[in-house]
Structure formats: C-alpha cells, structure tokens
$ cat protein11.pdb   # PDB, C-alpha atoms
ATOM      1  CA  MET A  26     197.049  68.005  80.725  1.00  0.00           C
ATOM      2  CA  SER A  27     195.879  70.364  78.210  1.00  0.00           C
ATOM      3  CA  THR A  28     192.812  72.479  78.340  1.00  0.00           C
ATOM      4  CA  TYR A  29     191.307  70.308  75.703  1.00  0.00           C
ATOM      5  CA  ASP A  30     191.924  67.180  77.788  1.00  0.00           C
ATOM      6  CA  LEU A  31     190.500  68.903  80.820  1.00  0.00           C
ATOM      7  CA  GLN A  32     187.397  69.823  78.883  1.00  0.00           C
ATOM      8  CA  ILE A  33     186.971  66.249  77.653  1.00  0.00           C
ATOM      9  CA  ASP A  34     187.478  64.948  81.148  1.00  0.00           C
ATOM     10  CA  ALA A  35     184.888  67.432  82.529  1.00  0.00           C
ATOM     11  CA  LEU A  36     182.521  66.507  79.701  1.00  0.00           C
ATOM     12  CA  GLY A  37     182.956  62.799  80.530  1.00  0.00           C
ATOM     13  CA  LYS A  38     182.260  63.437  84.202  1.00  0.00           C
ATOM     14  CA  ALA A  39     179.168  65.493  83.318  1.00  0.00           C
ATOM     15  CA  SER A  40     177.965  62.738  80.991  1.00  0.00           C
ATOM     16  CA  ARG A  41     178.448  60.112  83.681  1.00  0.00           C
ATOM     17  CA  ARG A  42     176.594  62.318  86.203  1.00  0.00           C
ATOM     18  CA  ALA A  43     173.795  62.892  83.687  1.00  0.00           C
ATOM     19  CA  ALA A  44     173.590  59.147  82.981  1.00  0.00           C
ATOM     20  CA  LEU A  45     173.567  58.410  86.709  1.00  0.00           C
ATOM     21  CA  LEU A  46     170.835  60.998  87.291  1.00  0.00           C
ATOM     22  CA  SER A  47     168.859  59.588  84.346  1.00  0.00           C
ATOM     23  CA  VAL A  48     169.129  56.064  85.769  1.00  0.00           C
ATOM     24  CA  LEU A  49     168.181  57.388  89.192  1.00  0.00           C
ATOM     25  CA  ALA A  50     165.192  59.257  87.698  1.00  0.00           C
ATOM     26  CA  LEU A  51     164.204  56.105  85.792  1.00  0.00           C
ATOM     27  CA  LEU A  52     164.397  54.084  89.018  1.00  0.00           C
ATOM     28  CA  ILE A  53     162.251  56.686  90.785  1.00  0.00           C
ATOM     29  CA  VAL A  54     159.704  56.591  87.931  1.00  0.00           C
ATOM     30  CA  LEU A  55     159.686  52.759  87.956  1.00  0.00           C
ATOM     31  CA  ALA A  56     159.328  52.703  91.756  1.00  0.00           C
ATOM     32  CA  SER A  57     156.482  55.228  91.520  1.00  0.00           C
ATOM     33  CA  LEU A  58     154.765  53.131  88.862  1.00  0.00           C
ATOM     34  CA  ALA A  59     155.202  49.979  90.928  1.00  0.00           C
ATOM     35  CA  TYR A  60     153.838  51.689  94.039  1.00  0.00           C
ATOM     36  CA  GLY A  61     150.951  53.228  92.027  1.00  0.00           C
ATOM     37  CA  SER A  62     150.147  49.818  90.563  1.00  0.00           C
ATOM     38  CA  TYR A  63     150.205  48.265  94.040  1.00  0.00           C
ATOM     39  CA  ARG A  64     147.945  51.029  95.436  1.00  0.00           C
ATOM     40  CA  LEU A  65     145.618  50.695  92.446  1.00  0.00           C
ATOM     41  CA  ARG A  66     145.277  46.931  92.978  1.00  0.00           C
ATOM     42  CA  HIS A  67     144.715  47.544  96.685  1.00  0.00           C
ATOM     43  CA  ASP A  68     142.102  50.261  95.995  1.00  0.00           C
ATOM     44  CA  ILE A  69     140.353  48.025  93.450  1.00  0.00           C
ATOM     45  CA  ALA A  70     140.208  45.240  96.040  1.00  0.00           C
ATOM     46  CA  ASP A  71     138.772  47.712  98.573  1.00  0.00           C
ATOM     47  CA  LEU A  72     136.186  48.890  96.031  1.00  0.00           C
ATOM     48  CA  HIS A  73     135.151  45.291  95.287  1.00  0.00           C
ATOM     49  CA  ALA A  74     134.741  44.666  99.013  1.00  0.00           C
ATOM     50  CA  LYS A  75     132.698  47.860  99.378  1.00  0.00           C
ATOM     51  CA  LYS A  76     130.614  46.888  96.336  1.00  0.00           C
ATOM     52  CA  ALA A  77     129.865  43.485  97.880  1.00  0.00           C
ATOM     53  CA  GLY A  78     128.913  45.186 101.150  1.00  0.00           C
ATOM     54  CA  LEU A  79     126.663  47.667  99.343  1.00  0.00           C
ATOM     55  CA  GLN A  80     125.027  44.873  97.355  1.00  0.00           C
ATOM     56  CA  LYS A  81     124.308  43.071 100.621  1.00  0.00           C
ATOM     57  CA  GLU A  82     122.930  46.307 102.084  1.00  0.00           C
ATOM     58  CA  VAL A  83     120.767  46.831  98.979  1.00  0.00           C
ATOM     59  CA  GLY A  84     119.412  43.301  99.440  1.00  0.00           C
ATOM     60  CA  THR A  85     118.637  44.021 103.091  1.00  0.00           C
ATOM     61  CA  LEU A  86     116.985  47.333 102.211  1.00  0.00           C
ATOM     62  CA  GLN A  87     114.956  45.650  99.452  1.00  0.00           C
ATOM     63  CA  THR A  88     113.737  43.059 101.960  1.00  0.00           C
ATOM     64  CA  GLN A  89     112.804  45.847 104.381  1.00  0.00           C
ATOM     65  CA  LEU A  90     110.988  47.696 101.588  1.00  0.00           C
ATOM     66  CA  ASP A  91     109.071  44.549 100.649  1.00  0.00           C
ATOM     67  CA  ASN A  92     108.142  44.039 104.314  1.00  0.00           C
ATOM     68  CA  LEU A  93     106.954  47.654 104.548  1.00  0.00           C
ATOM     69  CA  ARG A  94     104.870  47.220 101.395  1.00  0.00           C
ATOM     70  CA  ASP A  95     103.315  44.069 102.860  1.00  0.00           C
ATOM     71  CA  SER A  96     102.604  45.941 106.104  1.00  0.00           C
ATOM     72  CA  VAL A  97     100.936  48.780 104.212  1.00  0.00           C
ATOM     73  CA  LYS A  98      98.852  46.285 102.221  1.00  0.00           C
ATOM     74  CA  SER A  99      97.802  44.604 105.471  1.00  0.00           C
ATOM     75  CA  LEU A 100      96.412  47.896 106.778  1.00  0.00           C
ATOM     76  CA  LYS A 101      93.423  47.453 104.412  1.00  0.00           C
ATOM     77  CA  TYR A 102      91.861  50.848 104.131  1.00  0.00           C
ATOM     78  CA  ALA A 103      93.611  52.664 106.919  1.00  0.00           C
ATOM     79  CA  GLN A 104      92.614  56.316 106.737  1.00  0.00           C
ATOM     80  CA  ILE A 105      93.896  59.462 108.380  1.00  0.00           C
ATOM     81  CA  THR A 106      91.690  62.300 109.575  1.00  0.00           C
ATOM     82  CA  PRO A 107      92.661  65.930 108.927  1.00  0.00           C
ATOM     83  CA  GLN A 108      93.811  65.904 112.573  1.00  0.00           C
ATOM     84  CA  ASN A 109      96.236  63.012 111.761  1.00  0.00           C
ATOM     85  CA  GLU A 110      94.277  60.351 113.616  1.00  0.00           C
ATOM     86  CA  VAL A 111      94.249  56.870 112.081  1.00  0.00           C
ATOM     87  CA  PHE A 112      91.153  54.747 111.588  1.00  0.00           C
ATOM     88  CA  GLN A 113      90.221  51.695 109.580  1.00  0.00           C
ATOM     89  CA  PHE A 114      86.999  50.113 108.399  1.00  0.00           C
ATOM     90  CA  GLN A 115      86.587  46.364 108.624  1.00  0.00           C
ATOM     91  CA  ALA A 116      83.944  43.865 107.580  1.00  0.00           C
ATOM     92  CA  THR A 117      82.880  40.516 109.019  1.00  0.00           C
ATOM     93  CA  ALA A 118      80.776  37.714 107.545  1.00  0.00           C
ATOM     94  CA  ASN A 119      79.249  35.010 109.752  1.00  0.00           C
ATOM     95  CA  PRO A 120      77.374  32.165 108.040  1.00  0.00           C
ATOM     96  CA  LYS A 121      73.769  31.522 109.024  1.00  0.00           C
ATOM     97  CA  PRO A 122      73.690  27.726 109.350  1.00  0.00           C
ATOM     98  CA  GLY A 123      71.099  26.031 107.151  1.00  0.00           C
ATOM     99  CA  LEU A 124      70.035  29.196 105.308  1.00  0.00           C
ATOM    100  CA  VAL A 125      70.520  29.505 101.549  1.00  0.00           C
ATOM    101  CA  THR A 126      69.052  31.768  98.884  1.00  0.00           C
ATOM    102  CA  SER A 127      66.609  30.490  96.290  1.00  0.00           C
ATOM    103  CA  GLY A 128      69.653  30.260  94.001  1.00  0.00           C
ATOM    104  CA  GLY A 129      71.455  27.999  96.492  1.00  0.00           C
ATOM    105  CA  LYS A 130      73.935  30.571  97.834  1.00  0.00           C
ATOM    106  CA  LYS A 131      74.835  30.552 101.527  1.00  0.00           C
ATOM    107  CA  VAL A 132      73.372  33.366 103.635  1.00  0.00           C
ATOM    108  CA  TYR A 133      75.590  35.407 105.987  1.00  0.00           C
ATOM    109  CA  ASP A 134      75.258  38.073 108.648  1.00  0.00           C
ATOM    110  CA  PHE A 135      77.549  40.871 107.441  1.00  0.00           C
ATOM    111  CA  SER A 136      78.783  43.801 109.481  1.00  0.00           C
ATOM    112  CA  ILE A 137      80.955  46.836 108.849  1.00  0.00           C
ATOM    113  CA  TYR A 138      82.556  48.777 111.664  1.00  0.00           C
ATOM    114  CA  MET A 139      85.246  51.346 112.308  1.00  0.00           C
ATOM    115  CA  ASN A 140      88.453  50.697 114.233  1.00  0.00           C
ATOM    116  CA  GLY A 141      90.004  53.725 115.853  1.00  0.00           C
ATOM    117  CA  SER A 142      91.185  55.018 119.189  1.00  0.00           C
ATOM    118  CA  PRO A 143      88.485  55.640 121.814  1.00  0.00           C
ATOM    119  CA  GLU A 144      89.413  59.336 121.639  1.00  0.00           C
ATOM    120  CA  LEU A 145      88.785  59.420 117.888  1.00  0.00           C
ATOM    121  CA  LEU A 146      85.532  57.453 118.115  1.00  0.00           C
ATOM    122  CA  GLY A 147      84.360  59.954 120.745  1.00  0.00           C
ATOM    123  CA  LYS A 148      84.863  62.823 118.254  1.00  0.00           C
ATOM    124  CA  ILE A 149      82.546  61.257 115.660  1.00  0.00           C
ATOM    125  CA  GLN A 150      78.891  62.244 115.429  1.00  0.00           C
ATOM    126  CA  LYS A 151      77.800  59.505 113.022  1.00  0.00           C
ATOM    127  CA  VAL A 152      78.937  57.256 110.186  1.00  0.00           C
ATOM    128  CA  THR A 153      76.769  56.633 107.125  1.00  0.00           C
ATOM    129  CA  TYR A 154      77.036  53.656 104.786  1.00  0.00           C
ATOM    130  CA  ASP A 155      75.582  53.607 101.261  1.00  0.00           C
ATOM    131  CA  PHE A 156      75.232  50.131  99.768  1.00  0.00           C
ATOM    132  CA  ASP A 157      75.039  50.706  96.038  1.00  0.00           C
ATOM    133  CA  HIS A 158      73.684  47.375  94.791  1.00  0.00           C
ATOM    134  CA  PRO A 159      70.344  46.599  93.124  1.00  0.00           C
ATOM    135  CA  THR A 160      69.549  43.742  95.549  1.00  0.00           C
ATOM    136  CA  PHE A 161      69.593  46.040  98.596  1.00  0.00           C
ATOM    137  CA  ILE A 162      66.240  47.284  99.857  1.00  0.00           C
ATOM    138  CA  ASN A 163      67.800  49.403 102.613  1.00  0.00           C
ATOM    139  CA  LYS A 164      70.626  51.032 100.639  1.00  0.00           C
ATOM    140  CA  HIS A 165      71.431  53.678 103.278  1.00  0.00           C
ATOM    141  CA  GLN A 166      72.332  52.884 106.891  1.00  0.00           C
ATOM    142  CA  GLU A 167      73.891  54.988 109.602  1.00  0.00           C
ATOM    143  CA  SER A 168      75.220  54.530 113.096  1.00  0.00           C
ATOM    144  CA  THR A 169      75.627  57.046 115.900  1.00  0.00           C
ATOM    145  CA  ASP A 170      76.966  54.518 118.427  1.00  0.00           C
ATOM    146  CA  PRO A 171      80.703  54.806 119.191  1.00  0.00           C
ATOM    147  CA  GLU A 172      80.403  51.870 121.634  1.00  0.00           C
ATOM    148  CA  SER A 173      79.620  49.560 118.682  1.00  0.00           C
ATOM    149  CA  LYS A 174      82.391  51.225 116.640  1.00  0.00           C
ATOM    150  CA  PHE A 175      79.638  52.678 114.433  1.00  0.00           C
ATOM    151  CA  MET A 176      78.697  49.187 113.265  1.00  0.00           C
ATOM    152  CA  VAL A 177      75.939  48.440 110.769  1.00  0.00           C
ATOM    153  CA  ARG A 178      74.681  45.000 109.717  1.00  0.00           C
ATOM    154  CA  TYR A 179      72.799  43.275 106.964  1.00  0.00           C
ATOM    155  CA  THR A 180      71.929  39.713 106.055  1.00  0.00           C
ATOM    156  CA  GLY A 181      72.670  38.522 102.539  1.00  0.00           C
ATOM    157  CA  TRP A 182      74.653  36.254 100.279  1.00  0.00           C
ATOM    158  CA  GLY A 183      77.564  38.492  99.293  1.00  0.00           C
ATOM    159  CA  CYS A 184      79.866  41.355 100.093  1.00  0.00           C
ATOM    160  CA  LEU A 185      80.131  44.589  98.130  1.00  0.00           C
ATOM    161  CA  THR A 186      83.270  45.885  96.468  1.00  0.00           C
ATOM    162  CA  ARG A 187      82.108  49.464  96.925  1.00  0.00           C
ATOM    163  CA  VAL A 188      80.385  50.855  99.983  1.00  0.00           C
ATOM    164  CA  ASN A 189      80.398  54.639 100.201  1.00  0.00           C
ATOM    165  CA  VAL A 190      81.151  55.549 103.805  1.00  0.00           C
ATOM    166  CA  VAL A 191      81.011  59.073 105.219  1.00  0.00           C
ATOM    167  CA  VAL A 192      82.396  59.909 108.669  1.00  0.00           C
ATOM    168  CA  TYR A 193      80.743  62.982 110.240  1.00  0.00           C
ATOM    169  CA  MET A 194      82.815  64.575 112.970  1.00  0.00           C
ATOM    170  CA  LYS A 195      81.293  66.507 115.874  1.00  0.00           C
ATOM    171  CA  ASP A 196      83.283  69.569 114.779  1.00  0.00           C
ATOM    172  CA  GLY A 197      81.224  69.706 111.551  1.00  0.00           C
ATOM    173  CA  THR A 198      83.813  68.229 109.187  1.00  0.00           C
ATOM    174  CA  LYS A 199      83.246  65.038 107.252  1.00  0.00           C
ATOM    175  CA  GLN A 200      85.379  62.538 105.387  1.00  0.00           C
ATOM    176  CA  SER A 201      84.257  60.230 102.571  1.00  0.00           C
ATOM    177  CA  VAL A 202      85.843  56.793 102.387  1.00  0.00           C
ATOM    178  CA  PRO A 203      85.242  54.265  99.602  1.00  0.00           C
ATOM    179  CA  PHE A 204      85.258  50.825 101.240  1.00  0.00           C
ATOM    180  CA  ASP A 205      85.696  47.376  99.642  1.00  0.00           C
ATOM    181  CA  MET A 206      84.069  44.862 101.973  1.00  0.00           C
ATOM    182  CA  CYS A 207      85.298  41.890  99.937  1.00  0.00           C
ATOM    183  CA  LYS A 208      88.923  42.972 100.213  1.00  0.00           C
ATOM    184  CA  SER A 209      88.495  43.562 103.933  1.00  0.00           C
ATOM    185  CA  LEU A 210      87.060  40.062 104.375  1.00  0.00           C
ATOM    186  CA  GLY A 211      89.938  38.560 102.363  1.00  0.00           C
ATOM    187  CA  GLY A 212      90.184  34.876 101.534  1.00  0.00           C
ATOM    188  CA  ASP A 213      87.528  33.614  99.113  1.00  0.00           C
ATOM    189  CA  TRP A 214      85.722  36.971  99.261  1.00  0.00           C
ATOM    190  CA  ASP A 215      88.611  38.932  97.748  1.00  0.00           C
TER     191      ASP A 215
END

$ encode --input "protein11.pdb" --output "structure tokens"
Amino acid sequence: MSTYDLQIDALGKASRRAALLSVLALLIVLASLAYGSYRLRHDIADLHAKKAGLQKEVGTLQTQLDNLRDSVKSLKYAQITPQNEVFQFQATANPKPGLVTSGGKKVYDFSIYMNGSPELLGKIQKVTYDFDHPTFINKHQESTDPESKFMVRYTGWGCLTRVNVVVYMKDGTKQSVPFDMCKSLGGDWD
C-alpha cells in the first residue's frame, strides 16, 4: 500500500471515529434532553402539588384571620391601660314592666359598668361618665365603688351612642374612653 492509500485509510478511520463520536454526542444530548424533560415534568407536578397545598393553607389562614377578626369585634370596647392591663365597659338594659314614656316608648333601667381583673379594679380611684344628650338632667355621674365594678345607672327610653368615660387611677393617671352603649347592648339597640 502506498502512502496515499495509507492516508486515505487513516482519513476514513478518522471520519468513522468522528461520525461515531458525533452520534454518541447526539445520543448523550438526546438522553440529557429526555432526562431534563422528565425532571421538568416531575418538578412541575411537584410545584402543582405544593401550590394546591399552599392554597389550602391560605384558605385555612384566611379562616383563622376571619375568626380572629370576629373575636376582636366581640371584645366590644376592650381597652388597655398604660400598664398593659385589659378592661372593658359594658351596658345593660332591663325593661320596667308597664312603664312607657308619654310618646309610647318603653322605659328601661340602664347601667354601665367596667369589667376588669380585681387587681385592676383595686387600682382605680373613680370612673366618671358624661352623658351628652339633651334629655339628660344628670349628665355627669361617677362611681368610686370597685365592688360594683364602678357601675352607674339611669332610667330612660334609650341608650347613647357616645358616653365619655374617664378612668382615674390611684397613681394619678387617667384614661379617657369613648363608649357606645348601643353597640355594647347589641341586638335591636345596635
């Protein structure tokens, strides 16, 4: 064999090796693409499952948030002292059977009092209530009795949406609280 034939033979072998390596590289690329596609489909399925789980969790958290909002609304005028003690004003209305106003409205015994821990009530000197309504003769009342929860009373035909309440502490501090009796009474009063 001549040098020329040897060169052609070597060139043929190199071409076949190059073709084989190209096919092998193509197979590796195709296998990588197939595996990547499989992993991508698998990851997408995982993400959809996680999304469904997160949507369920969001629903649960939204329900919890709604419940918390309802709980906060049910507190009706809960207040916090500067010493981080919680208290709440409440109102009651008890009908006086057989009594009506000249306009035909039912007459009630109303009361406002303060709910709080016995420790907190013991730190209070007095609570004042200002009833800002033209029908009130005694617009200012106060209580110094922690045993009654600083309760005041009046007899009338309606509740007030704004009673200015001031809590005077024995340490000399005071806290003003606007109070809506009607909201506290709820039902038909609100």

$ atom_distance --input "protein11.pdb" --atom1 "atom CA of Gly128 of chain A" --atom2 "atom CA of Thr160 of chain A"
13.6 Å

$ resolve_selection --input "protein11.pdb" --expression "the PyMOL selection byres ((chain A and resi 174-191) around 7)" --output "mmCIF file with C-alpha atoms, in the frame of the given file"
data_model
loop_
_atom_site.group_PDB
_atom_site.id
_atom_site.type_symbol
_atom_site.label_atom_id
_atom_site.label_comp_id
_atom_site.auth_asym_id
_atom_site.auth_seq_id
_atom_site.Cartn_x
_atom_site.Cartn_y
_atom_site.Cartn_z
ATOM 1 C CA LYS A 130 73.935 30.571 97.834
ATOM 2 C CA LYS A 131 74.835 30.552 101.527
ATOM 3 C CA VAL A 132 73.372 33.366 103.635
ATOM 4 C CA TYR A 133 75.590 35.407 105.987
ATOM 5 C CA ASP A 134 75.258 38.073 108.648
ATOM 6 C CA PHE A 135 77.549 40.871 107.441
ATOM 7 C CA SER A 136 78.783 43.801 109.481
ATOM 8 C CA ILE A 137 80.955 46.836 108.849
ATOM 9 C CA TYR A 138 82.556 48.777 111.664
ATOM 10 C CA MET A 139 85.246 51.346 112.308
ATOM 11 C CA ASN A 140 88.453 50.697 114.233
ATOM 12 C CA VAL A 152 78.937 57.256 110.186
ATOM 13 C CA THR A 153 76.769 56.633 107.125
ATOM 14 C CA TYR A 154 77.036 53.656 104.786
ATOM 15 C CA ASP A 155 75.582 53.607 101.261
ATOM 16 C CA PHE A 156 75.232 50.131 99.768
ATOM 17 C CA ASP A 157 75.039 50.706 96.038
ATOM 18 C CA GLN A 166 72.332 52.884 106.891
ATOM 19 C CA GLU A 167 73.891 54.988 109.602
ATOM 20 C CA SER A 168 75.220 54.530 113.096
ATOM 21 C CA THR A 169 75.627 57.046 115.900
ATOM 22 C CA ASP A 170 76.966 54.518 118.427
ATOM 23 C CA PRO A 171 80.703 54.806 119.191
ATOM 24 C CA GLU A 172 80.403 51.870 121.634
ATOM 25 C CA SER A 173 79.620 49.560 118.682
ATOM 26 C CA VAL A 192 82.396 59.909 108.669
ATOM 27 C CA TYR A 193 80.743 62.982 110.240
ATOM 28 C CA LYS A 199 83.246 65.038 107.252
ATOM 29 C CA GLN A 200 85.379 62.538 105.387
ATOM 30 C CA SER A 201 84.257 60.230 102.571
ATOM 31 C CA VAL A 202 85.843 56.793 102.387
ATOM 32 C CA PRO A 203 85.242 54.265 99.602
ATOM 33 C CA PHE A 204 85.258 50.825 101.240
ATOM 34 C CA ASP A 205 85.696 47.376 99.642
ATOM 35 C CA MET A 206 84.069 44.862 101.973
ATOM 36 C CA CYS A 207 85.298 41.890 99.937
#

$ atom_distance --input "protein11.pdb" --atom1 "atom CA of Leu36 of chain A" --atom2 "atom CA of Ile53 of chain A"
25.1 Å

$ atom_distance --input "protein11.pdb" --atom1 "atom CA of Val83 of chain A" --atom2 "atom CA of Arg66 of chain A"
25.2 Å

$ resolve_selection --input "protein11.pdb" --expression "the PyMOL selection byres ((chain A and resi 146-149) around 6)" --output "list in words"
Pro143, Glu144, Leu145, Gln150, Lys151, Pro171, Tyr193, Met194 and Lys195 of chain A
